[in-house]
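A.B. asks: Just one file: structure_10.cif, with mmCIF, C-alpha atoms and all ligand atoms.
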data_entry
#
loop_
_atom_site.label_atom_id
_atom_site.label_comp_id
_atom_site.auth_asym_id
_atom_site.auth_seq_id
_atom_site.Cartn_x
_atom_site.Cartn_y
_atom_site.Cartn_z
CA MET A 1 24.91 -13.44 4.20
CA ILE A 2 27.49 -15.30 2.09
CA TRP A 3 26.62 -13.11 -0.88
CA LEU A 4 26.97 -10.00 1.24
CA TYR A 5 30.34 -11.19 2.53
CA SER A 6 31.48 -12.04 -1.00
CA SER A 7 30.45 -8.67 -2.38
CA ARG A 8 32.33 -6.87 0.39
CA LEU A 9 35.38 -9.07 -0.19
CA ARG A 10 35.29 -8.35 -3.92
CA ALA A 11 35.03 -4.62 -3.24
CA THR A 12 38.00 -4.77 -0.86
CA LEU A 13 40.16 -6.67 -3.34
CA LYS A 14 39.24 -4.24 -6.10
CA LEU A 15 40.21 -1.28 -3.95
CA THR A 16 43.52 -2.90 -2.99
CA TRP A 17 44.23 -3.62 -6.66
CA GLU A 18 43.66 0.00 -7.64
CA ILE A 19 45.76 1.42 -4.79
CA PHE A 20 48.60 -0.96 -5.66
CA PHE A 21 48.79 0.06 -9.31
CA CYS A 22 48.18 3.74 -8.69
CA PHE A 23 51.04 3.64 -6.19
CA PHE A 24 53.45 2.11 -8.72
CA ALA A 25 52.27 4.37 -11.53
CA ASP A 26 53.22 7.42 -9.48
CA ARG A 27 56.66 5.96 -8.76
CA PHE A 28 57.32 4.40 -12.15
CA PRO A 29 60.05 6.83 -13.33
CA LYS A 30 62.13 6.02 -10.26
CA LEU A 31 61.53 2.27 -10.70
CA LEU A 32 62.54 2.48 -14.36
CA TYR A 33 65.77 4.15 -13.37
CA THR A 34 66.66 1.61 -10.72
CA MET A 35 65.77 -1.40 -12.92
CA ARG A 36 67.25 -0.24 -16.23
CA SER A 37 70.19 -2.60 -15.88
CA GLY A 38 68.26 -5.39 -14.12
CA ASN A 39 66.02 -8.28 -15.24
CA LYS A 40 64.32 -7.27 -18.53
CA ILE A 41 61.45 -9.75 -18.05
CA LEU A 42 60.63 -8.15 -14.73
CA LEU A 43 60.82 -4.76 -16.39
CA TRP A 44 58.33 -5.76 -19.11
CA LEU A 45 56.00 -7.12 -16.47
CA TYR A 46 56.06 -3.70 -14.81
CA PHE A 47 55.14 -2.15 -18.18
CA ILE A 48 52.11 -4.45 -18.51
CA PHE A 49 50.93 -3.85 -14.96
CA LEU A 50 51.58 -0.16 -15.36
CA GLY A 51 49.19 0.00 -18.31
CA LEU A 52 46.50 -1.81 -16.37
CA GLY A 53 47.09 0.33 -13.32
CA LEU A 54 46.84 3.61 -15.20
CA SER A 55 43.60 2.52 -16.85
CA ARG A 56 42.17 1.75 -13.42
CA CYS A 57 43.43 5.04 -11.97
CA HIS A 58 41.68 7.09 -14.64
CA GLN A 59 38.34 5.30 -14.48
CA PRO A 60 35.58 7.24 -12.72
CA ALA A 61 34.20 5.67 -9.56
CA ASP A 62 30.85 5.07 -11.27
CA LYS A 63 30.43 3.64 -14.74
CA GLY A 64 28.20 6.48 -15.85
CA PRO A 65 26.09 9.34 -14.61
CA VAL A 66 23.59 8.41 -11.91
CA THR A 67 20.24 8.33 -13.60
CA LYS A 68 16.99 9.18 -11.81
CA SER A 69 16.03 5.53 -11.75
CA GLN A 70 19.32 4.49 -10.14
CA HIS A 71 18.86 7.28 -7.63
CA ASP A 72 15.40 5.99 -6.80
CA LEU A 73 16.64 2.45 -6.35
CA VAL A 74 19.20 3.68 -3.85
CA LYS A 75 16.37 5.34 -1.98
CA ILE A 76 14.40 2.14 -1.95
CA ASN A 77 17.16 0.51 0.05
CA ASP A 78 17.01 3.36 2.49
CA THR A 79 13.28 3.32 3.05
CA VAL A 80 11.03 1.40 5.37
CA GLU A 81 12.04 -2.20 5.76
CA SER A 82 9.76 -4.71 4.09
CA LYS A 83 8.69 -6.99 6.87
CA MET A 84 6.00 -9.64 7.31
CA VAL A 85 4.49 -10.65 10.61
CA TRP A 86 3.23 -14.11 11.48
CA MET A 87 -0.48 -14.23 12.22
CA PRO A 88 -1.15 -17.33 14.28
CA GLY A 89 -4.13 -19.38 13.17
CA ASN A 90 -7.10 -18.70 15.34
CA THR A 91 -10.85 -18.39 15.65
CA PHE A 92 -12.57 -15.08 16.19
CA ASN A 93 -15.89 -13.28 16.07
CA MET A 94 -16.11 -11.59 12.67
CA GLY A 95 -18.35 -8.65 11.81
CA SER A 96 -19.72 -5.61 13.57
CA TYR A 97 -22.10 -5.42 16.50
CA ASP A 98 -23.15 -1.97 15.27
CA PRO A 99 -26.55 -2.29 13.53
CA SER A 100 -25.69 0.66 11.28
CA PHE A 101 -23.23 -1.53 9.43
CA THR A 102 -25.88 -3.68 7.81
CA ASP A 103 -23.49 -5.47 5.47
CA ALA A 104 -21.16 -6.41 8.33
CA ARG A 105 -23.78 -8.40 10.16
CA PRO A 106 -24.46 -10.79 11.70
CA GLN A 107 -21.38 -11.34 13.73
CA HIS A 108 -20.28 -14.89 13.12
CA ILE A 109 -17.55 -17.28 14.15
CA VAL A 110 -14.68 -17.64 11.69
CA SER A 111 -11.39 -19.50 11.85
CA VAL A 112 -8.31 -18.68 9.82
CA LYS A 113 -5.12 -20.63 9.30
CA GLY A 114 -1.82 -19.06 10.18
CA PHE A 115 -0.37 -16.70 7.58
CA TRP A 116 2.26 -14.01 7.12
CA MET A 117 1.16 -10.41 6.63
CA ASP A 118 2.98 -7.24 5.56
CA ASP A 119 3.41 -5.11 8.63
CA HIS A 120 2.67 -1.97 6.61
CA GLU A 121 0.78 -0.83 3.54
CA VAL A 122 2.80 -1.28 0.33
CA THR A 123 4.81 1.91 -0.17
CA ASN A 124 5.65 3.95 -3.26
CA ALA A 125 9.25 2.76 -3.02
CA GLU A 126 8.17 -0.88 -2.97
CA PHE A 127 5.78 -0.42 -5.88
CA LEU A 128 8.48 1.45 -7.84
CA LYS A 129 10.75 -1.53 -7.42
CA PHE A 130 8.03 -3.77 -8.87
CA VAL A 131 7.43 -1.47 -11.85
CA LYS A 132 11.14 -1.20 -12.62
CA ALA A 133 11.44 -4.98 -12.60
CA THR A 134 8.36 -5.67 -14.73
CA ASN A 135 7.52 -2.47 -16.67
CA TYR A 136 3.99 -2.93 -15.32
CA LYS A 137 1.49 -0.24 -16.23
CA THR A 138 -1.39 0.29 -13.80
CA ILE A 139 -4.98 0.56 -14.93
CA ALA A 140 -5.03 4.29 -14.13
CA GLU A 141 -2.19 4.73 -16.65
CA ARG A 142 -3.86 2.79 -19.47
CA ASN A 143 -6.10 4.11 -22.21
CA LEU A 144 -9.83 4.01 -21.52
CA ASP A 145 -12.10 1.87 -23.65
CA PRO A 146 -15.13 3.92 -24.83
CA LYS A 147 -17.30 0.80 -24.46
CA ASP A 148 -16.72 0.94 -20.71
CA PHE A 149 -17.82 4.57 -20.49
CA PRO A 150 -21.04 5.01 -22.45
CA GLY A 151 -22.22 8.60 -22.55
CA VAL A 152 -18.83 10.10 -21.79
CA PRO A 153 -17.41 12.25 -24.63
CA VAL A 154 -14.48 10.50 -26.33
CA GLU A 155 -12.22 13.51 -25.83
CA ASN A 156 -12.68 13.09 -22.09
CA LEU A 157 -11.58 9.46 -22.06
CA VAL A 158 -8.01 10.00 -20.96
CA PRO A 159 -6.11 7.93 -18.38
CA GLY A 160 -6.44 9.18 -14.85
CA SER A 161 -7.82 8.46 -11.43
CA ILE A 162 -9.99 9.90 -8.69
CA LEU A 163 -8.84 12.42 -6.09
CA PHE A 164 -10.37 13.68 -2.91
CA VAL A 165 -10.66 17.46 -3.35
CA SER A 166 -12.01 19.51 -0.47
CA PRO A 167 -14.79 21.83 -1.60
CA LYS A 168 -14.48 25.46 -0.55
CA HIS A 169 -18.01 25.66 0.84
CA PRO A 170 -20.23 23.41 2.97
CA VAL A 171 -21.90 20.73 0.87
CA ALA A 172 -24.54 18.08 1.38
CA LEU A 173 -23.01 14.81 2.50
CA ASP A 174 -25.24 12.67 0.30
CA ASN A 175 -23.44 13.58 -2.93
CA PRO A 176 -19.84 12.31 -3.09
CA ALA A 177 -19.31 14.09 -6.41
CA GLN A 178 -18.94 17.24 -4.32
CA TRP A 179 -15.53 16.15 -3.10
CA TRP A 180 -14.33 13.53 -5.59
CA ARG A 181 -12.80 14.54 -8.91
CA TYR A 182 -11.57 12.51 -11.86
CA ILE A 183 -8.10 13.92 -12.59
CA PRO A 184 -6.48 13.13 -15.96
CA GLY A 185 -2.91 11.97 -15.50
CA ALA A 186 -3.36 10.98 -11.87
CA SER A 187 -1.73 7.64 -11.11
CA TRP A 188 0.45 5.96 -8.51
CA GLN A 189 3.51 7.91 -9.68
CA HIS A 190 1.56 11.16 -10.09
CA PRO A 191 -0.71 11.01 -7.02
CA GLU A 192 -2.16 14.53 -7.33
CA GLY A 193 -2.16 14.72 -11.12
CA SER A 194 0.36 14.75 -13.97
CA ALA A 195 2.40 17.60 -12.46
CA SER A 196 2.97 15.76 -9.20
CA SER A 197 5.43 12.98 -8.39
CA ILE A 198 6.38 10.52 -5.65
CA THR A 199 9.80 12.07 -5.09
CA GLY A 200 10.16 12.51 -1.38
CA LYS A 201 7.11 10.31 -0.83
CA GLU A 202 8.88 6.95 -0.94
CA ASN A 203 7.54 5.90 2.45
CA LEU A 204 3.95 6.87 1.75
CA PRO A 205 1.56 4.07 0.81
CA VAL A 206 1.13 3.65 -2.92
CA VAL A 207 -2.31 4.82 -4.08
CA HIS A 208 -4.42 4.85 -7.24
CA ILE A 209 -4.14 1.07 -7.24
CA CYS A 210 -6.90 -1.06 -8.76
CA TYR A 211 -7.53 -4.65 -7.72
CA GLU A 212 -5.71 -6.04 -10.76
CA ASP A 213 -2.68 -3.86 -9.99
CA ALA A 214 -2.53 -5.09 -6.41
CA VAL A 215 -2.79 -8.72 -7.54
CA ALA A 216 0.03 -8.18 -10.07
CA PHE A 217 2.32 -6.76 -7.39
CA ALA A 218 1.48 -9.56 -4.97
CA SER A 219 2.18 -12.22 -7.58
CA TRP A 220 5.54 -10.64 -8.44
CA ALA A 221 6.44 -10.52 -4.74
CA GLY A 222 5.47 -14.18 -4.22
CA LYS A 223 2.55 -13.13 -2.06
CA ARG A 224 -1.22 -12.70 -2.41
CA LEU A 225 -3.97 -10.38 -1.24
CA PRO A 226 -5.57 -11.25 2.11
CA THR A 227 -9.03 -12.70 2.36
CA GLU A 228 -11.44 -10.43 4.17
CA ALA A 229 -11.44 -12.80 7.15
CA GLU A 230 -7.64 -12.76 7.31
CA TRP A 231 -7.60 -8.98 7.11
CA GLU A 232 -10.18 -8.54 9.88
CA TYR A 233 -8.51 -11.06 12.16
CA ALA A 234 -5.19 -9.26 11.67
CA ALA A 235 -6.83 -5.89 12.40
CA THR A 236 -8.25 -7.10 15.70
CA GLY A 237 -4.77 -7.74 17.02
CA GLY A 238 -6.20 -10.74 18.81
CA THR A 239 -8.38 -8.59 21.06
CA THR A 240 -12.09 -8.92 21.70
CA VAL A 241 -14.82 -6.94 19.98
CA GLN A 242 -14.82 -3.24 20.77
CA GLU A 243 -15.69 0.12 19.24
CA TYR A 244 -12.39 0.65 17.45
CA TYR A 245 -9.69 -1.84 16.57
CA TRP A 246 -7.47 -0.10 19.13
CA GLY A 247 -10.00 0.10 21.98
CA VAL A 248 -13.16 1.74 23.21
CA GLU A 249 -12.10 5.40 23.03
CA LEU A 250 -11.48 7.45 19.91
CA LYS A 251 -8.50 9.16 21.56
CA PRO A 252 -7.08 7.04 24.37
CA ASN A 253 -5.31 9.35 26.85
CA GLY A 254 -5.91 12.21 24.43
CA HIS A 255 -3.81 10.70 21.65
CA TRP A 256 -4.83 9.93 18.07
CA ILE A 257 -4.17 6.32 17.16
CA ALA A 258 -4.67 6.37 13.40
CA ASN A 259 -4.58 8.74 10.46
CA ILE A 260 -8.19 9.79 9.90
CA PHE A 261 -10.00 13.12 9.37
CA GLN A 262 -10.60 15.88 11.90
CA GLY A 263 -12.54 19.05 11.19
CA ASP A 264 -15.53 19.87 9.04
CA PHE A 265 -15.86 17.16 6.42
CA PRO A 266 -15.15 17.53 3.58
CA MET A 267 -14.02 21.17 3.57
CA ASN A 268 -11.42 21.44 6.28
CA ASP A 269 -9.10 18.69 7.47
CA LYS A 270 -7.44 20.11 10.57
CA GLY A 271 -4.86 17.35 10.75
CA GLU A 272 -5.05 17.12 14.54
CA ASP A 273 -3.65 13.59 14.29
CA GLY A 274 -0.50 15.01 12.73
CA PHE A 275 -1.37 14.56 9.08
CA ILE A 276 -3.59 16.23 6.52
CA GLY A 277 -3.96 13.60 3.84
CA ILE A 278 -1.78 10.51 3.66
CA ALA A 279 0.85 9.76 6.29
CA PRO A 280 4.08 7.79 5.81
CA VAL A 281 3.56 4.18 6.82
CA LYS A 282 4.37 3.37 10.45
CA SER A 283 3.61 6.92 11.62
CA TYR A 284 1.43 5.50 14.39
CA ALA A 285 1.96 2.70 16.88
CA PRO A 286 1.32 -0.86 15.65
CA ASN A 287 -1.50 -3.04 16.92
CA LYS A 288 -0.92 -6.02 19.18
CA PHE A 289 0.13 -8.15 16.20
CA GLY A 290 2.75 -5.59 15.18
CA LEU A 291 0.77 -4.33 12.17
CA TYR A 292 0.72 -0.64 11.27
CA ASP A 293 -2.12 1.46 9.86
CA MET A 294 -4.72 -1.31 9.72
CA ASP A 295 -7.02 1.55 10.65
CA GLY A 296 -7.04 4.60 8.43
CA ASN A 297 -4.36 6.10 6.18
CA VAL A 298 -5.43 4.23 2.99
CA TRP A 299 -8.08 1.63 2.27
CA GLU A 300 -6.69 -1.83 1.56
CA TRP A 301 -7.84 -4.30 -1.08
CA CYS A 302 -8.94 -7.76 -0.02
CA ASN A 303 -9.35 -10.63 -2.43
CA ASP A 304 -13.02 -11.39 -1.66
CA PHE A 305 -15.85 -10.42 -3.97
CA TYR A 306 -18.27 -8.08 -2.23
CA ARG A 307 -21.84 -8.99 -1.37
CA PRO A 308 -23.72 -7.25 1.46
CA ASP A 309 -25.33 -10.54 2.52
CA TYR A 310 -22.22 -12.72 2.60
CA TYR A 311 -22.00 -12.85 6.39
CA THR A 312 -25.33 -14.66 6.51
CA VAL A 313 -23.89 -17.61 4.59
CA SER A 314 -20.16 -17.42 5.31
CA PRO A 315 -18.52 -20.74 6.20
CA VAL A 316 -16.61 -20.99 9.46
CA ALA A 317 -13.31 -22.29 8.16
CA ASP A 318 -11.19 -19.88 6.14
CA PRO A 319 -13.97 -18.08 4.25
CA LYS A 320 -12.80 -16.76 0.92
CA GLY A 321 -15.80 -14.66 -0.04
CA PRO A 322 -18.77 -15.29 -2.33
CA ALA A 323 -18.45 -16.69 -5.83
CA ASP A 324 -19.47 -13.41 -7.41
CA SER A 325 -20.21 -9.84 -6.45
CA TYR A 326 -23.38 -7.84 -6.07
CA ASP A 327 -23.90 -4.36 -4.69
CA PRO A 328 -27.47 -3.03 -4.78
CA ASP A 329 -26.04 0.50 -4.84
CA GLU A 330 -24.33 -0.21 -8.19
CA PRO A 331 -25.77 -3.53 -9.44
CA GLY A 332 -23.72 -3.72 -12.64
CA ALA A 333 -20.33 -3.17 -11.05
CA ILE A 334 -17.96 -6.00 -10.15
CA LYS A 335 -16.69 -5.21 -6.69
CA ARG A 336 -14.15 -6.58 -4.26
CA VAL A 337 -13.84 -5.88 -0.57
CA GLN A 338 -11.74 -3.04 0.80
CA ARG A 339 -11.02 -2.64 4.49
CA GLY A 340 -9.77 -0.26 7.15
CA GLY A 341 -10.91 3.18 6.03
CA SER A 342 -8.59 6.03 5.14
CA PHE A 343 -7.40 9.51 6.03
CA ILE A 344 -10.84 10.78 5.02
CA CYS A 345 -12.77 8.73 7.60
CA SER A 346 -14.21 10.37 10.69
CA ASP A 347 -17.13 10.06 13.03
CA GLN A 348 -18.63 13.00 11.15
CA TYR A 349 -18.99 11.14 7.87
CA CYS A 350 -17.27 7.87 7.00
CA LEU A 351 -17.39 5.50 9.94
CA ARG A 352 -15.99 2.52 8.08
CA TYR A 353 -12.70 2.55 9.91
CA LYS A 354 -14.47 1.15 12.96
CA TRP A 355 -14.30 -2.42 14.18
CA GLY A 356 -15.84 -4.92 11.80
CA SER A 357 -17.08 -2.42 9.21
CA ARG A 358 -16.63 -3.19 5.53
CA GLY A 359 -15.74 -1.28 2.39
CA LYS A 360 -16.09 -2.15 -1.27
CA GLY A 361 -14.80 -0.98 -4.61
CA GLU A 362 -15.24 -1.56 -8.32
CA VAL A 363 -12.25 -3.61 -9.43
CA LYS A 364 -11.02 -1.24 -12.16
CA SER A 365 -11.42 1.92 -10.11
CA ALA A 366 -8.85 3.58 -7.91
CA SER A 367 -8.47 6.73 -5.86
CA ASN A 368 -5.86 8.60 -3.86
CA ASN A 369 -6.96 6.95 -0.61
CA LEU A 370 -6.80 3.34 -1.84
CA GLY A 371 -3.82 1.02 -1.50
CA PHE A 372 -3.14 -2.50 -0.26
CA ARG A 373 -0.88 -4.85 1.65
CA CYS A 374 -0.06 -8.51 1.01
CA VAL A 375 -0.07 -11.80 2.86
CA LYS A 376 1.74 -15.07 2.35
CA ASP A 377 0.79 -18.61 3.27
CA GLY A 378 2.63 -20.01 6.23
CA ASP A 379 4.55 -23.15 6.95
CA SER A 380 2.14 -25.99 7.68
CA SER A 381 4.19 -26.89 10.72
CA MET A 382 3.25 -23.60 12.31
CA LYS A 383 0.50 -23.13 14.83
CA ALA A 384 -2.67 -25.03 14.00
CA VAL A 385 -6.15 -23.58 13.78
CA GLN A 386 -8.04 -23.69 17.04
CA THR A 387 -11.35 -25.44 17.15
CA VAL A 388 -14.51 -23.39 17.18
CA SER A 389 -15.57 -24.83 20.52
CA SER A 390 -12.42 -23.54 22.18
CA ILE A 391 -13.37 -19.87 22.08
CA GLN A 392 -15.42 -17.72 24.36
CA VAL A 393 -17.15 -14.77 22.75
CA SER A 394 -18.34 -11.90 24.90
CA LEU A 395 -20.10 -9.17 22.98
CA PRO A 396 -20.40 -5.63 24.29
CA ILE A 397 -23.81 -4.03 24.23
CA PHE A 398 -24.32 -1.38 21.57
CA THR A 399 -25.85 1.35 23.69
CA ASP A 400 -27.34 3.72 21.16
CA PRO A 401 -27.87 2.37 17.65
CA HIS A 402 -29.55 5.59 16.55
CA GLN A 403 -26.48 7.59 17.43
CA VAL A 404 -24.97 6.67 14.09
CA ALA A 405 -26.62 8.11 11.02
CA ASN A 406 -27.01 5.73 8.14
CA THR A 407 -25.39 8.19 5.77
CA ARG A 408 -22.20 8.18 7.77
CA ALA A 409 -22.20 4.45 8.17
CA LYS A 410 -22.82 3.99 4.48
CA CYS A 411 -19.80 6.12 3.62
CA ILE A 412 -20.48 6.74 -0.03
CA ARG A 413 -17.18 6.42 -1.84
CA PRO A 414 -16.15 6.73 -5.50
CA SER A 415 -16.29 2.98 -5.79
CA CYS A 416 -16.64 3.22 -9.53
CA CYS A 417 -14.57 5.40 -11.84
CA LYS A 418 -17.39 5.21 -14.34
CA THR A 419 -19.75 6.97 -11.96
CA ILE A 420 -17.38 9.79 -11.18
CA LEU A 421 -16.30 10.16 -14.78
CA ALA A 422 -19.88 10.39 -15.91
CA LEU A 423 -20.65 12.96 -13.24
CA HIS A 424 -17.68 15.02 -14.30
CA SER A 425 -17.81 14.45 -18.01
CA SER A 426 -16.05 17.71 -18.69
CA LEU A 427 -12.60 16.64 -17.60
CA ARG A 428 -10.87 19.76 -18.82
CA SER A 429 -12.81 21.91 -16.40
CA VAL A 430 -12.01 19.83 -13.33
CA ARG A 431 -8.29 19.66 -13.98
CA CA B 1 -5.28 12.92 9.43
CA CA B 2 -4.81 1.17 6.11
#
Could you rewrite the structure in this file as structure tokens?

C.D. replies:
Amino acid sequence: MIWLYSSRLRATLKLTWEIFFCFFADRFPKLLYTMRSGNKILLWLYFIFLGLGLSRCHQPADKGPVTKSQHDLVKINDTVESKMVWMPGNTFNMGSYDPSFTDARPQHIVSVKGFWMDDHEVTNAEFLKFVKATNYKTIAERNLDPKDFPGVPVENLVPGSILFVSPKHPVALDNPAQWWRYIPGASWQHPEGSASSITGKENLPVVHICYEDAVAFASWAGKRLPTEAEWEYAATGGTTVQEYYWGVELKPNGHWIANIFQGDFPMNDKGEDGFIGIAPVKSYAPNKFGLYDMDGNVWEWCNDFYRPDYYTVSPVADPKGPADSYDPDEPGAIKRVQRGGSFICSDQYCLRYKWGSRGKGEVKSASNNLGFRCVKDGDSSMKAVQTVSSIQVSLPIFTDPHQVANTRAKCIRPSCCKTILALHSSLRSVR
């Protein structure tokens, strides 16, 4: 506040200074005439001030042409406000009651300490600010090491990332390579490939972010990534277990609550929720904690390693995930948890935007539906963690477990760039 006041005061004084000297510069001939027989010291002082005044009058308002980067920084100030919301420490029932989500079971009691959480996914404008301050280069922008991609022709090992590309014809839903493409040049600042940019997309969540990239941003911002337990507690909004984080109906009162997919997956996204693809953050109403887009829009990194069996051994107090990762679907890949689903989720295919469901991703892989948000530890004087015995858990009955096909619940995603790159080894043809 003091700084703001000081800067405004300095600007006011500067303006007054310039008006004063420009005023006397315009009237100098008359002053010279009236003072020619007067005090010579005073006359010389007018000469000195005149020189200074003229130099100020002829200076342009800006000290140089406005570069693109300066222009972008101005936009950052005009974009969505960065805000964190206090999540009171509490105890809740973590996991899904839906038996289709095998890795999100059993439901178990978990307590989390209070913490601050970004009220929206990190935006392009916010990530741009980080990159300008640090010159950070994301993994999708770095050269690929041939050792990490055995079997892929060297000429195809160019920086890039994975995009969701709707096929033109119906395809089998058991082969994600039908709608995922490795695009050379795709990155956070070129979301659809090298010819695209984030201009005009400042308020969209940043995408093509690997785990390491998200951690780097969080560290720069004095924050960290949420644990999976923190993320899920925040997503519940403090409510009890239900079908969706927002309630029991997909469209309460006929309204879409989150940015997901409508239409025939993966060919035709009808955008009935208002958006085909990514939506600007805060396009939908917040949950009861004041958090936006915890469901859908883009997946969000959590800090926990991924193991499908972790919920069977998770501690009660502030679980931070297993010591290492293991995914039987891709045993060699190191994976971390991702949560919330994205604009590609729907009841037709990817159900992992529903309450308690989990996602996962290889740590050096990104895609155009993957972003993050940060948390920050709270003041220890803030609300204490409730005791486990203080809660009452009432679980709804899952009426028809066979209603949900395993394929849809599994939601096969391009969790590993290596897999997609190997499948599409001819990069030139998919560009
Ligand atoms: Ca949508
Ligand atoms: Ca989200």

A.B. asks: Considering all atoms listed in the file, state which residue in the set A:Ile334, A:Ala235, A:Val241, A:Ala104 is at the smallest distance from ligand CA 2 (chain B).

C.D. replies: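 Closest to ligand CA 2 (chain B) of all the choices is A:Ala235.
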
A.B. asks: Could you build a table of the residues in chain A lying no more than 8 Å from ligand CA 2 (chain B), giving for each the nearest pair of atoms and their separation in Å rounded to one decimal place, using all atoms listed in the file, ordered by chain and ascending residue number, as JSON lines?

C.D. replies:
{"residue": "A:Glu121", "atom": "CA", "partner": "B:CA2", "partner_atom": "CA", "distance": 6.5}
{"residue": "A:Tyr292", "atom": "CA", "partner": "B:CA2", "partner_atom": "CA", "distance": 7.8}
{"residue": "A:Asp293", "atom": "CA", "partner": "B:CA2", "partner_atom": "CA", "distance": 4.6}
{"residue": "A:Met294", "atom": "CA", "partner": "B:CA2", "partner_atom": "CA", "distance": 4.4}
{"residue": "A:Asp295", "atom": "CA", "partner": "B:CA2", "partner_atom": "CA", "distance": 5.1}
{"residue": "A:Gly296", "atom": "CA", "partner": "B:CA2", "partner_atom": "CA", "distance": 4.7}
{"residue": "A:Asn297", "atom": "CA", "partner": "B:CA2", "partner_atom": "CA", "distance": 5.0}
{"residue": "A:Val298", "atom": "CA", "partner": "B:CA2", "partner_atom": "CA", "distance": 4.4}
{"residue": "A:Trp299", "atom": "CA", "partner": "B:CA2", "partner_atom": "CA", "distance": 5.1}
{"residue": "A:Glu300", "atom": "CA", "partner": "B:CA2", "partner_atom": "CA", "distance": 5.8}
{"residue": "A:Arg339", "atom": "CA", "partner": "B:CA2", "partner_atom": "CA", "distance": 7.5}
{"residue": "A:Gly340", "atom": "CA", "partner": "B:CA2", "partner_atom": "CA", "distance": 5.3}
{"residue": "A:Gly341", "atom": "CA", "partner": "B:CA2", "partner_atom": "CA", "distance": 6.4}
{"residue": "A:Ser342", "atom": "CA", "partner": "B:CA2", "partner_atom": "CA", "distance": 6.2}
{"residue": "A:Gly371", "atom": "CA", "partner": "B:CA2", "partner_atom": "CA", "distance": 7.7}
{"residue": "A:Phe372", "atom": "CA", "partner": "B:CA2", "partner_atom": "CA", "distance": 7.5}

A.B. asks: Which of these residues is nearest to ligand CA 1 (chain B), using only C-alpha atoms and all ligand atoms: A:Ile260, A:Leu128, A:Leu370, A:Cys302?

C.D. replies: A:Ile260

A.B. asks: Provide the CA of Glu230 (chain A) to CA of Gln107 (chain A) distance in Å, to one decimal place.

C.D. replies: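 Computing it gives 15.2 Å between the two atoms.
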
A.B. asks: List all protein, DNA and RNA residues that have any atom at most 9 Å from ligand CA 1 (chain B), counting all atoms listed in the file, and write the list as an mmCIF file with C-alpha atoms, in the frame of the given file.

C.D. replies:
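What follows is the written file result15.cif:
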data_model
loop_
_atom_site.group_PDB
_atom_site.id
_atom_site.type_symbol
_atom_site.label_atom_id
_atom_site.label_comp_id
_atom_site.auth_asym_id
_atom_site.auth_seq_id
_atom_site.Cartn_x
_atom_site.Cartn_y
_atom_site.Cartn_z
ATOM 1 C CA ALA A 258 -4.670 6.370 13.400
ATOM 2 C CA ASN A 259 -4.580 8.740 10.460
ATOM 3 C CA ILE A 260 -8.190 9.790 9.900
ATOM 4 C CA PHE A 261 -10.000 13.120 9.370
ATOM 5 C CA GLN A 262 -10.600 15.880 11.900
ATOM 6 C CA ASP A 269 -9.100 18.690 7.470
ATOM 7 C CA LYS A 270 -7.440 20.110 10.570
ATOM 8 C CA GLY A 271 -4.860 17.350 10.750
ATOM 9 C CA GLU A 272 -5.050 17.120 14.540
ATOM 10 C CA ASP A 273 -3.650 13.590 14.290
ATOM 11 C CA GLY A 274 -0.500 15.010 12.730
ATOM 12 C CA PHE A 275 -1.370 14.560 9.080
ATOM 13 C CA ILE A 276 -3.590 16.230 6.520
ATOM 14 C CA GLY A 277 -3.960 13.600 3.840
ATOM 15 C CA ILE A 278 -1.780 10.510 3.660
ATOM 16 C CA ALA A 279 0.850 9.760 6.290
ATOM 17 C CA GLY A 296 -7.040 4.600 8.430
ATOM 18 C CA ASN A 297 -4.360 6.100 6.180
ATOM 19 C CA SER A 342 -8.590 6.030 5.140
ATOM 20 C CA PHE A 343 -7.400 9.510 6.030
ATOM 21 C CA ILE A 344 -10.840 10.780 5.020
ATOM 22 C CA CYS A 345 -12.770 8.730 7.600
#

A.B. asks: Taking all atoms listed in the file into account, name the residue in A:Val110, A:Val248, A:Val131, A:Val165 that is nearest to Gly89 (chain A).

C.D. replies: A:Val110

A.B. asks: As a VMD selection string, please: the residues near Phe127 (chain A) (cut-off 12 Å, all atoms listed in the file, same-chain neighbours under 2 positions excluded).

C.D. replies: chain A and resid 72 to 73 76 82 121 to 125 129 to 138 188 to 189 198 201 to 209 213 to 214 216 to 218 220 to 221 371 to 373

A.B. asks: Quote the spacing between CA of Asn287 (chain A) and CA of Gly237 (chain A) in Å to one decimal place.

C.D. replies: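 Between CA of Asn287 (chain A) and CA of Gly237 (chain A) the gap is 5.7 Å.
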
A.B. asks: Fewer than 5 positions away in the same chain doesn't count, so skip those; otherwise give me all residues within 9 Å of Ala333 (chain A), counting only C-alpha atoms, as a ChimeraX atom specification.

C.D. replies: /A:325-327,361-363,416

A.B. asks: Could you write out that same residue set with C-alpha atoms as a short mmCIF file (atom, residue, chain, number, x, y, z; two decimals), in the frame of the given file?

C.D. replies:
data_model
loop_
_atom_site.label_atom_id
_atom_site.label_comp_id
_atom_site.auth_asym_id
_atom_site.auth_seq_id
_atom_site.Cartn_x
_atom_site.Cartn_y
_atom_site.Cartn_z
CA SER A 325 -20.21 -9.84 -6.45
CA TYR A 326 -23.38 -7.84 -6.07
CA ASP A 327 -23.90 -4.36 -4.69
CA GLY A 361 -14.80 -0.98 -4.61
CA GLU A 362 -15.24 -1.56 -8.32
CA VAL A 363 -12.25 -3.61 -9.43
CA CYS A 416 -16.64 3.22 -9.53
#
